[in-house]
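Colleague: Data file upload_35.txt (compact mmCIF, C-alpha atoms and all ligand atoms) is appended below.
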# COMPACT_ATOMS: atom_id res chain seq x y z
CA MET A 91 29.82 -6.72 5.20
CA SER A 92 26.25 -7.54 6.13
CA TYR A 93 24.44 -10.58 4.70
CA PRO A 94 22.23 -11.43 2.91
CA LEU A 95 23.56 -8.92 0.42
CA LEU A 96 21.94 -8.03 -2.89
CA THR A 97 24.42 -6.48 -5.30
CA ILE A 98 23.16 -4.28 -8.10
CA ASP A 99 25.22 -3.64 -11.22
CA LYS A 100 24.00 -0.27 -12.48
CA ALA A 101 26.01 -0.39 -15.68
CA LYS A 102 24.35 -3.66 -16.73
CA ILE A 103 20.89 -2.27 -16.03
CA LYS A 104 21.67 0.83 -18.06
CA HIS A 105 22.96 -1.36 -20.89
CA ASN A 106 19.82 -3.55 -20.86
CA THR A 107 17.62 -0.45 -20.87
CA ARG A 108 19.52 0.89 -23.89
CA ILE A 109 19.13 -2.39 -25.82
CA LEU A 110 15.40 -2.55 -25.11
CA SER A 111 14.64 1.11 -25.71
CA ASN A 112 16.40 0.93 -29.09
CA MET A 113 14.58 -2.29 -29.98
CA LEU A 114 11.24 -0.68 -29.17
CA LEU A 115 12.03 2.62 -30.89
CA GLN A 116 12.81 0.74 -34.11
CA GLN A 117 9.25 -0.58 -34.01
CA GLY A 118 7.59 2.71 -33.14
CA MET A 119 7.26 2.19 -29.39
CA ARG A 120 8.70 3.95 -26.39
CA LEU A 121 9.98 2.22 -23.27
CA VAL A 122 8.41 2.74 -19.85
CA GLY A 123 10.91 1.47 -17.27
CA VAL A 124 9.17 -0.39 -14.45
CA ALA A 125 10.93 -0.12 -11.13
CA LYS A 126 8.82 -2.23 -8.76
CA GLY A 127 10.94 -5.40 -9.11
CA THR A 128 13.63 -3.60 -7.09
CA CYS A 129 11.22 -1.67 -4.84
CA ALA A 130 12.17 1.36 -6.95
CA ASN A 131 15.80 1.33 -5.91
CA LEU A 132 16.94 4.80 -6.90
CA SER A 133 20.17 3.62 -8.51
CA VAL A 134 18.13 1.28 -10.66
CA VAL A 135 15.74 4.07 -11.61
CA GLN A 136 18.72 6.27 -12.44
CA ALA A 137 20.17 3.53 -14.66
CA MET A 138 16.82 3.15 -16.44
CA VAL A 139 16.59 6.89 -17.06
CA SER A 140 20.15 7.17 -18.35
CA GLY A 141 19.63 4.06 -20.49
CA GLY A 142 16.76 5.69 -22.36
CA ALA A 143 13.52 4.87 -20.52
CA SER A 144 11.13 7.67 -21.47
CA ALA A 145 8.94 7.28 -18.37
CA ILE A 146 9.10 5.41 -15.06
CA GLY A 147 6.28 3.19 -13.85
CA ASP A 148 5.62 1.60 -10.49
CA SER A 149 2.63 -0.08 -8.88
CA ARG A 150 3.18 1.59 -5.49
CA ILE A 151 2.50 5.21 -4.66
CA ASP A 152 5.25 5.21 -2.01
CA ASN A 153 7.81 4.18 -4.64
CA LEU A 154 6.73 6.92 -7.05
CA LYS A 155 6.88 9.43 -4.22
CA ARG A 156 10.51 8.50 -3.52
CA ILE A 157 11.33 8.73 -7.23
CA ARG A 158 9.88 12.25 -7.30
CA GLU A 159 11.65 13.30 -4.12
CA TRP A 160 14.91 12.05 -5.60
CA GLY A 161 14.37 14.61 -8.32
CA TYR A 162 13.08 12.71 -11.35
CA LYS A 163 11.32 15.22 -13.61
CA GLY A 164 10.10 12.89 -16.35
CA GLU A 165 6.74 11.17 -16.58
CA THR A 166 5.73 8.89 -13.69
CA ILE A 167 3.07 6.23 -14.25
CA LEU A 168 1.11 4.53 -11.47
CA LEU A 169 0.63 0.96 -12.71
CA ARG A 170 -1.87 -0.25 -10.14
CA ALA A 171 -5.13 1.69 -9.94
CA PRO A 172 -5.19 3.85 -6.81
CA GLY A 173 -7.75 3.16 -4.09
CA HIS A 174 -10.42 5.82 -3.51
CA SER A 175 -8.47 6.78 -0.38
CA GLN A 176 -5.26 7.32 -2.38
CA CYS A 177 -6.42 9.61 -5.19
CA ASP A 178 -5.07 12.83 -3.65
CA GLU A 179 -1.64 11.25 -3.18
CA ALA A 180 -1.77 9.58 -6.58
CA VAL A 181 -2.11 12.82 -8.55
CA LEU A 182 0.76 14.36 -6.61
CA CYS A 183 3.31 11.66 -7.43
CA ALA A 184 2.00 10.27 -10.72
CA ASP A 185 1.46 12.12 -13.99
CA THR A 186 -0.45 9.16 -15.38
CA SER A 187 -2.29 6.17 -13.93
CA LEU A 188 -3.75 2.96 -15.31
CA ASN A 189 -7.43 2.72 -14.42
CA SER A 190 -10.62 0.79 -15.06
CA GLU A 191 -13.16 2.24 -12.59
CA ILE A 192 -15.05 5.44 -13.35
CA THR A 193 -15.62 6.25 -9.66
CA THR A 194 -11.86 6.25 -9.11
CA VAL A 195 -11.23 8.37 -12.20
CA LYS A 196 -13.79 10.94 -10.98
CA LEU A 197 -11.95 11.18 -7.65
CA LEU A 198 -8.64 11.51 -9.52
CA GLY A 199 -10.21 14.33 -11.52
CA GLU A 200 -11.37 16.13 -8.37
CA ALA A 201 -7.94 15.70 -6.78
CA ALA A 202 -6.18 16.93 -9.92
CA SER A 203 -8.47 19.96 -10.21
CA LYS A 204 -7.34 21.04 -6.74
CA THR A 205 -3.68 20.92 -7.83
CA GLY A 206 -4.38 22.67 -11.13
CA LYS A 207 -2.59 19.95 -13.09
CA MET A 208 -4.36 17.62 -15.50
CA HIS A 209 -3.98 13.93 -14.57
CA LYS A 210 -3.57 11.51 -17.48
CA VAL A 211 -5.52 8.27 -17.48
CA ILE A 212 -4.96 5.06 -19.45
CA LEU A 213 -8.12 2.93 -19.57
CA MET A 214 -7.16 -0.70 -19.03
CA ILE A 215 -8.84 -3.32 -21.21
CA ASP A 216 -9.03 -6.95 -20.05
CA LEU A 217 -8.03 -9.10 -23.04
CA GLY A 218 -8.65 -12.31 -21.11
CA ASP A 219 -5.96 -12.52 -18.44
CA LEU A 220 -8.62 -11.65 -15.84
CA ARG A 221 -6.58 -9.26 -13.75
CA GLU A 222 -7.40 -5.57 -14.20
CA GLY A 223 -9.37 -3.92 -16.99
CA VAL A 224 -12.86 -3.53 -18.41
CA MET A 225 -14.25 -6.07 -20.87
CA MET A 226 -13.75 -4.96 -24.48
CA GLU A 227 -17.40 -4.32 -25.30
CA GLN A 228 -17.75 -1.92 -22.37
CA ALA A 229 -14.69 0.13 -23.25
CA PRO A 230 -16.28 2.79 -25.52
CA ASN A 231 -18.95 3.82 -22.99
CA ILE A 232 -16.58 3.88 -20.04
CA ALA A 233 -14.00 5.77 -22.10
CA LEU A 234 -16.61 8.38 -23.00
CA GLU A 235 -17.48 8.89 -19.35
CA MET A 236 -13.79 9.18 -18.41
CA ASP A 237 -13.25 11.58 -21.30
CA ARG A 238 -15.99 13.85 -19.93
CA THR A 239 -14.51 13.92 -16.43
CA THR A 240 -12.96 17.25 -15.52
CA GLY A 241 -9.40 17.23 -14.22
CA VAL A 242 -8.37 14.14 -16.17
CA HIS A 243 -7.24 13.58 -19.71
CA LEU A 244 -7.95 10.18 -21.25
CA ALA A 245 -4.59 9.63 -22.95
CA GLY A 246 -5.18 6.15 -24.24
CA ILE A 247 -5.90 2.53 -23.53
CA GLY A 248 -3.74 -0.29 -22.26
CA ALA A 249 -3.63 -3.98 -21.55
CA ASN A 250 -1.86 -6.41 -19.33
CA LEU A 251 -1.47 -10.10 -20.14
CA ALA A 252 0.41 -13.07 -18.69
CA CYS A 253 0.28 -11.69 -15.15
CA TYR A 254 -2.57 -13.58 -13.51
CA GLY A 255 -4.19 -15.90 -16.02
CA GLY A 256 -0.96 -16.58 -17.88
CA VAL A 257 -2.61 -15.63 -21.19
CA ILE A 258 0.10 -15.13 -23.84
CA PRO A 259 0.15 -11.82 -25.74
CA THR A 260 -0.13 -12.72 -29.43
CA SER A 261 -0.41 -10.44 -32.45
CA GLU A 262 -4.14 -11.35 -32.49
CA LYS A 263 -4.56 -10.15 -28.89
CA MET A 264 -2.69 -6.95 -29.67
CA GLY A 265 -4.84 -6.54 -32.78
CA LEU A 266 -7.93 -6.72 -30.57
CA LEU A 267 -6.52 -3.93 -28.43
CA LEU A 268 -6.07 -1.78 -31.53
CA GLN A 269 -9.64 -2.58 -32.57
CA VAL A 270 -10.86 -1.38 -29.16
CA LYS A 271 -8.80 1.78 -29.69
CA ASN A 272 -10.70 2.46 -32.93
CA GLU A 273 -14.07 1.90 -31.26
CA VAL A 274 -13.13 4.20 -28.39
CA GLU A 275 -11.92 6.90 -30.79
CA GLN A 276 -15.20 6.75 -32.68
CA ARG A 277 -17.20 7.08 -29.49
CA ILE A 278 -15.24 9.99 -28.03
CA GLY A 279 -14.76 11.67 -31.40
CA ARG A 280 -11.00 12.19 -31.25
CA PRO A 281 -7.83 10.15 -31.63
CA LEU A 282 -6.08 8.62 -28.63
CA GLU A 283 -2.39 9.31 -28.42
CA ARG A 284 -1.34 6.18 -26.49
CA VAL A 285 -1.78 2.42 -26.61
CA SER A 286 0.14 0.84 -23.76
CA GLY A 287 0.62 -2.71 -25.00
CA GLY A 288 1.92 -4.67 -22.04
CA THR A 289 4.90 -5.97 -20.11
CA SER A 290 8.02 -8.08 -20.55
CA ALA A 291 5.63 -10.80 -21.69
CA ASN A 292 5.37 -8.80 -24.96
CA ILE A 293 9.10 -8.74 -25.70
CA LYS A 294 9.02 -12.02 -27.63
CA LEU A 295 6.49 -10.47 -30.03
CA VAL A 296 8.82 -7.54 -30.56
CA ILE A 297 11.89 -9.76 -31.12
CA ASP A 298 9.92 -11.87 -33.61
CA GLY A 299 8.65 -8.75 -35.41
CA GLN A 300 5.05 -9.75 -34.66
CA MET A 301 3.91 -6.65 -32.77
CA PRO A 302 1.23 -4.93 -34.87
CA SER A 303 1.95 -1.27 -35.52
CA GLY A 304 -0.15 1.11 -33.47
CA ILE A 305 1.06 0.02 -30.03
CA THR A 306 2.89 3.11 -28.75
CA GLU A 307 4.61 1.91 -25.58
CA LEU A 308 5.53 -1.11 -23.46
CA ARG A 309 5.95 -1.11 -19.68
CA ILE A 310 9.04 -3.22 -19.00
CA GLY A 311 10.49 -4.33 -15.67
CA GLU A 312 11.84 -7.89 -15.87
CA GLY A 313 13.36 -7.43 -19.33
CA ILE A 314 15.51 -4.56 -18.11
CA LEU A 315 16.38 -6.00 -14.72
CA LEU A 316 17.02 -9.63 -15.60
CA GLY A 317 17.44 -9.50 -19.36
CA THR A 318 14.73 -12.12 -19.92
CA GLU A 319 11.37 -12.04 -21.66
CA ALA A 320 8.50 -13.22 -19.51
CA ILE A 321 6.82 -15.97 -21.54
CA MET A 322 9.51 -18.63 -22.01
CA ARG A 323 11.97 -16.78 -19.75
CA GLU A 324 14.44 -16.77 -22.60
CA ALA A 325 17.41 -14.41 -22.58
CA ILE A 326 16.99 -11.24 -24.64
CA PRO A 327 19.82 -11.07 -27.20
CA GLY A 328 22.46 -8.56 -26.12
CA CYS A 329 21.17 -8.18 -22.55
CA PHE A 330 22.87 -9.11 -19.29
CA ASN A 331 21.15 -11.69 -17.07
CA ASP A 332 23.32 -11.13 -14.02
CA ALA A 333 22.84 -7.50 -13.02
CA PHE A 334 21.70 -8.72 -9.60
CA MET A 335 23.41 -11.24 -7.33
CA LEU A 336 22.54 -12.40 -3.84
CA ARG A 337 25.12 -13.52 -1.31
CA ALA A 338 24.31 -15.13 2.02
CA GLU A 339 26.10 -16.84 4.86
CA VAL A 340 26.14 -20.51 5.87
CA ILE A 341 25.34 -20.94 9.57
CA GLU A 342 25.20 -24.73 9.88
CA VAL A 343 26.66 -27.69 8.01
CA GLN A 344 25.71 -31.16 9.24
CA ARG A 345 25.38 -34.65 7.80
CA LYS A 346 21.76 -35.71 8.07
CA PRO A 347 19.33 -38.20 6.54
CA SER A 348 17.49 -36.84 3.50
CA LYS A 349 14.12 -37.99 4.86
CA PRO A 350 12.70 -36.48 8.06
CA ILE A 351 12.58 -38.78 11.06
CA GLY A 352 9.10 -39.24 12.53
CA GLU A 353 5.50 -38.76 11.41
CA VAL A 354 5.28 -36.02 8.75
CA GLY A 355 2.47 -33.44 9.04
CA GLN A 356 2.28 -29.88 7.72
CA ASP A 357 5.34 -27.66 7.36
CA ALA A 358 5.50 -24.02 8.53
CA PHE A 359 3.36 -22.89 5.60
CA GLY A 360 0.62 -25.53 5.73
CA ASN A 361 2.02 -27.80 3.01
CA VAL A 362 2.72 -31.49 3.52
CA PRO A 363 6.28 -31.94 2.25
CA VAL A 364 7.44 -34.98 0.28
CA PHE A 365 11.06 -36.16 0.48
CA GLU A 366 13.16 -38.45 -1.64
CA ASP A 367 15.41 -40.81 0.33
CA ARG A 368 18.97 -40.17 -0.86
CA GLY A 369 20.64 -41.49 2.22
CA ILE A 370 22.84 -39.46 4.55
CA ARG A 371 23.84 -36.12 2.96
CA ARG A 372 25.76 -32.99 3.88
CA ARG A 373 23.31 -30.15 4.36
CA ALA A 374 23.91 -26.45 4.83
CA ILE A 375 21.61 -23.86 6.36
CA VAL A 376 21.95 -20.46 4.74
CA SER A 377 20.86 -17.51 6.80
CA MET A 378 17.87 -16.19 4.85
CA GLY A 379 14.32 -17.44 4.34
CA GLN A 380 10.88 -16.95 2.86
CA GLN A 381 10.83 -13.42 4.25
CA ASP A 382 13.76 -12.50 2.05
CA ILE A 383 13.62 -14.71 -1.02
CA ASP A 384 11.55 -17.21 -2.95
CA PRO A 385 13.57 -20.46 -2.71
CA SER A 386 12.21 -21.74 -6.03
CA ALA A 387 13.44 -18.56 -7.78
CA LEU A 388 17.05 -18.71 -6.60
CA ILE A 389 19.77 -20.27 -8.71
CA PRO A 390 22.91 -21.35 -6.81
CA ARG A 391 26.07 -20.17 -8.55
CA SER A 392 28.42 -22.57 -6.77
CA LYS A 393 28.81 -26.10 -8.11
CA GLY A 394 27.30 -28.88 -6.01
CA VAL A 395 24.86 -26.65 -4.13
CA GLU A 396 21.21 -27.63 -4.47
CA ILE A 397 18.32 -25.76 -2.82
CA LEU A 398 15.99 -28.08 -0.92
CA GLY A 399 13.59 -25.53 0.52
CA ALA A 400 13.14 -22.73 3.00
CA SER A 401 11.21 -21.82 6.10
CA SER A 402 10.75 -18.19 7.18
CA ASP A 403 14.40 -17.67 8.09
CA HIS A 404 16.36 -20.74 7.00
CA LEU A 405 17.31 -21.75 3.46
CA ILE A 406 18.22 -25.44 3.39
CA CYS A 407 20.70 -26.64 0.77
CA ASP A 408 22.16 -30.02 -0.09
CA VAL A 409 25.91 -29.49 -0.35
CA GLU A 410 27.03 -33.13 -0.51
CA ASP A 411 28.52 -32.61 -3.97
CA ALA A 412 30.16 -29.29 -3.13
CA GLY A 413 32.90 -31.02 -1.15
CA CYS A 414 34.70 -29.08 1.57
CA SER A 415 34.31 -25.74 -0.25
CA VAL A 416 31.12 -25.14 1.74
CA GLY A 417 31.42 -24.87 5.50
CA VAL A 418 30.08 -22.78 8.35
CA GLY A 419 30.96 -19.16 7.54
CA SER A 420 31.04 -19.73 3.77
CA ILE A 421 29.32 -17.14 1.64
CA LEU A 422 27.13 -18.69 -1.07
CA GLU A 423 26.16 -16.83 -4.20
CA PHE A 424 22.80 -17.03 -5.97
CA ALA A 425 21.34 -15.60 -9.14
CA LEU A 426 17.73 -14.49 -8.85
CA SER A 427 14.67 -14.77 -11.00
CA TYR A 428 11.83 -12.27 -10.72
CA SER A 429 10.01 -13.35 -7.55
CA ALA A 430 13.27 -13.74 -5.62
CA LEU A 431 14.44 -10.31 -6.79
CA LEU A 432 11.11 -8.78 -5.73
CA LYS A 433 11.28 -10.32 -2.25
CA ALA A 434 14.97 -9.55 -1.71
CA SER A 435 14.36 -5.95 -2.79
CA THR A 436 11.47 -5.45 -0.40
CA SER A 437 12.98 -7.32 2.56
CA PRO A 438 14.47 -4.90 5.10
CA PHE A 439 16.78 -7.75 6.17
CA VAL A 440 18.58 -7.87 2.83
CA ALA A 441 21.39 -5.33 2.49
CA LYS A 442 21.75 -3.66 -0.90
CA GLU A 443 25.01 -2.67 -2.51
CA VAL A 444 25.24 -0.77 -5.76
CA LEU A 445 28.34 -1.66 -7.78
CA LYS A 446 29.61 1.42 -9.57
CA ASN A 447 30.72 0.93 -13.17
CA ALA A 448 31.09 -2.80 -12.58
CA ARG A 449 29.82 -4.59 -15.67
C1 LIG B 501 4.54 -5.09 -13.09
C2 LIG B 501 3.84 -4.46 -14.19
C3 LIG B 501 4.49 -4.24 -15.41
C4 LIG B 501 5.92 -4.70 -15.67
O1 LIG B 501 5.96 -6.10 -15.75
P1 LIG B 501 7.30 -6.88 -16.14
O2 LIG B 501 6.84 -8.27 -16.41
O3 LIG B 501 8.22 -6.79 -14.98
O4 LIG B 501 7.86 -6.24 -17.34
C5 LIG B 501 3.80 -3.61 -16.41
N1 LIG B 501 2.51 -3.21 -16.25
C6 LIG B 501 1.85 -3.42 -15.11
C7 LIG B 501 0.43 -2.97 -14.99
C8 LIG B 501 2.47 -4.05 -14.04
O5 LIG B 501 1.81 -4.25 -12.90
Write the structure described by the file as structure tokens, please.
Ligand SMILES: *Cc1c(COP(=O)(O)O)cnc(C)c1O

Modeller:
Amino acid sequence: MSYPLLTIDKAKIKHNTRILSNMLLQQGMRLVGVAKGTCANLSVVQAMVSGGASAIGDSRIDNLKRIREWGYKGETILLRAPGHSQCDEAVLCADTSLNSEITTVKLLGEAASKTGKMHKVILMIDLGDLREGVMMEQAPNIALEMDRTTGVHLAGIGANLACYGGVIPTSEKMGLLLQVKNEVEQRIGRPLERVSGGTSANIKLVIDGQMPSGITELRIGEGILLGTEAIMREAIPGCFNDAFMLRAEVIEVQRKPSKPIGEVGQDAFGNVPVFEDRGIRRRAIVSMGQQDIDPSALIPRSKGVEILGASSDHLICDVEDAGCSVGVGSILEFALSYSALLKASTSPFVAKEVLKNAR
């Protein structure tokens, strides 16, 4: 067995997808399964598809390409706008993309015209989170220009909250998006078929029955993968939170002071660390680091193990309270939250194992 090892329970991911797709369907929305949290692991994509995701989204063209090559025939959605240099590739692997720039959409149209297949575009509206999207008042004019571009079909509008600015999706914010939809429809003179409402940050609204009707789809990654909504990080009723588990090996256990000895300057990442003096403690080094995980997003599953921090390749844990159960050669187990899952999935140093029918 090679460590660190990320285990993936397909059955749990399928189950979570089923719960969420049913929850959304009951409120008139379809589920777009977002694969990027696992670097589009094909077993995960498969579980999403068999659990009822009606389309697969990813922010990376390379991931969508692999999903296509694997044989997925359903709709693929490129979640991050392609660069000008990527438009030819984008139309080949994505049926739909989220966009805000007219120059990019024109290039997508030209690329699509060459393939003979219409490329669908969702115009992103910035509702205040200040990541991607056009400001609301500009939407009708930009939509009209996109609508007149040959090779593309403006399928709808979308929004993304709680990703950069941390702005919470409320029913008021979603109402604004529906208002923009009306304005766009008036300007282009036809109805839009899609309103792509947001991410796992919108799940709380759905659970609370606060999502205004008119939103047609949500793009969900974290909710499916970790079974949590993304505002309070609360568990979604009926979903598993442990579909992923990370195991790694202890390579050193020594008793050391809890405060560094000597003058303290910057650590490996330019921060000046602060330490609490807890006396002499047993410490373990686990053989993985910032390249593979986010130490603040790992949750030790063994009692008495506390994460102190990590450099590029070493995760340092206090194991004083774990007794003799932790020694050199021990395998420690960790649950992951989103940023740790993302890093573990993209690190070539982390082995992946898909558990078949585990649950
Ligand atoms: C990552 C991403 C999502 C999915 O976000 P989750 O919080 O994992 O559900 C949806 N839409 C866009 C544009 C994204 O980049």

Colleague: Set the distance at 10 Å and use all atoms listed in the file: which residues neighbour A:His243 once local chain neighbours fewer than 2 positions away are removed? I'd like the list as a ChimeraX atom specification.

Modeller: /A:186,195,199,208-212,236-241,245-246

Colleague: Between A:Gly311, A:Gly279, A:Pro302, A:Gly164, which one has atoms that come closest to ligand LIG 501 (chain B), using only C-alpha atoms and all ligand atoms?

Modeller: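 Looking at the shortest contact to ligand LIG 501 (chain B), the residue is A:Gly311.
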
Colleague: If we draw a sphere of 7 Å around (19.7, -6.6, -13.1), which residues have at least one atom in it when counting all atoms listed in the file? Please report them as JSON, numbers by chain.

Modeller: {"A": [98, 99, 102, 103, 314, 315, 316, 331, 332, 333, 334]}

Colleague: Would you mind listing the residues within 10 Å of ligand LIG 501 (chain B), counting all atoms listed in the file, as a ChimeraX atom specification?

Modeller: /A:122-127,147-150,167-171,187-189,214,221-222,248-253,286-293,308-316,318-321,428,432

Colleague: Can you report as AutoDock Vina command-line options the centre and edge lengths in Å, to one decimal, of an axis-aligned box around the listed atoms of stretch 190-209 of chain A padded with 6 Å on each side?

Modeller:
--center_x -9.1 --center_y 11.7 --center_z -11.1 --size_x 25.0 --size_y 33.9 --size_z 20.8

Colleague: So what do you get for atom CA of A:Leu268 versus atom CA of A:Thr306, distance-wise?

Modeller: 10.6 Å

Colleague: Rounded to one decimal in Å, what is the spacing between atom CA of A:Leu426 and atom CA of A:Val257?

Modeller: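 Going from atom CA of A:Leu426 over to atom CA of A:Val257 covers 23.8 Å.
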
Colleague: Considering only C-alpha atoms, state which residue in the set A:Glu366, A:Glu423, A:Glu307, A:Glu179 is at the smallest distance from A:Leu388.

Modeller: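 Smallest distance to A:Leu388 is found for A:Glu423.
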
Colleague: Given the choices A:Thr166, A:Ser190, A:Gln176, A:Gln344, which gets closest to A:Gly417 if the distance is worked out from all atoms listed in the file?

Modeller: A:Gln344

Colleague: When you count all atoms listed in the file, which of these residues is closest to A:Lys271: A:Glu443, A:Glu235, A:Glu227, A:Asp178?

Modeller: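 Counting all atoms listed in the file, the residue closest to A:Lys271 is A:Glu227.
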
Colleague: Nearest to A:Gly379: which of A:Met119, A:Leu182, A:Val362, A:Leu405 is it, counting all atoms listed in the file?

Modeller: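 Ranking A:Met119, A:Leu182, A:Val362, A:Leu405 by distance to A:Gly379, first place goes to A:Leu405.
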
Colleague: Set the distance at 12 Å and use all atoms listed in the file: which residues neighbour A:Ser303 once local chain neighbours fewer than 4 positions away are removed? I'd like the list as an NGL selection string.

Modeller: :A and (114-119 or 261 or 264-265 or 267-268 or 285 or 287 or 295-296 or 299 or 307)

Colleague: Output C-alpha atoms for every residue in the selection just made, as a PDB file, keeping the file's coordinate frame.

Modeller:
ATOM      1  CA  LEU A 114      11.240  -0.680 -29.170  1.00  0.00           C
ATOM      2  CA  LEU A 115      12.030   2.620 -30.890  1.00  0.00           C
ATOM      3  CA  GLN A 116      12.810   0.740 -34.110  1.00  0.00           C
ATOM      4  CA  GLN A 117       9.250  -0.580 -34.010  1.00  0.00           C
ATOM      5  CA  GLY A 118       7.590   2.710 -33.140  1.00  0.00           C
ATOM      6  CA  MET A 119       7.260   2.190 -29.390  1.00  0.00           C
ATOM      7  CA  SER A 261      -0.410 -10.440 -32.450  1.00  0.00           C
ATOM      8  CA  MET A 264      -2.690  -6.950 -29.670  1.00  0.00           C
ATOM      9  CA  GLY A 265      -4.840  -6.540 -32.780  1.00  0.00           C
ATOM     10  CA  LEU A 267      -6.520  -3.930 -28.430  1.00  0.00           C
ATOM     11  CA  LEU A 268      -6.070  -1.780 -31.530  1.00  0.00           C
ATOM     12  CA  VAL A 285      -1.780   2.420 -26.610  1.00  0.00           C
ATOM     13  CA  GLY A 287       0.620  -2.710 -25.000  1.00  0.00           C
ATOM     14  CA  LEU A 295       6.490 -10.470 -30.030  1.00  0.00           C
ATOM     15  CA  VAL A 296       8.820  -7.540 -30.560  1.00  0.00           C
ATOM     16  CA  GLY A 299       8.650  -8.750 -35.410  1.00  0.00           C
ATOM     17  CA  GLU A 307       4.610   1.910 -25.580  1.00  0.00           C
TER      18      GLU A 307
END

Colleague: Using only C-alpha atoms, pick whichever of A:Met226, A:Val418, A:Gly218, A:Val444 has the shortest atom-to-atom distance to A:Val274.

Modeller: A:Met226

Colleague: Report as a PyMOL selection string all protein, DNA and RNA residues lying within 9 Å of A:Pro327, evaluated on only C-alpha atoms, omitting residues in the same chain fewer than 4 positions from it.

Modeller: chain A and resi 109+297+317-318
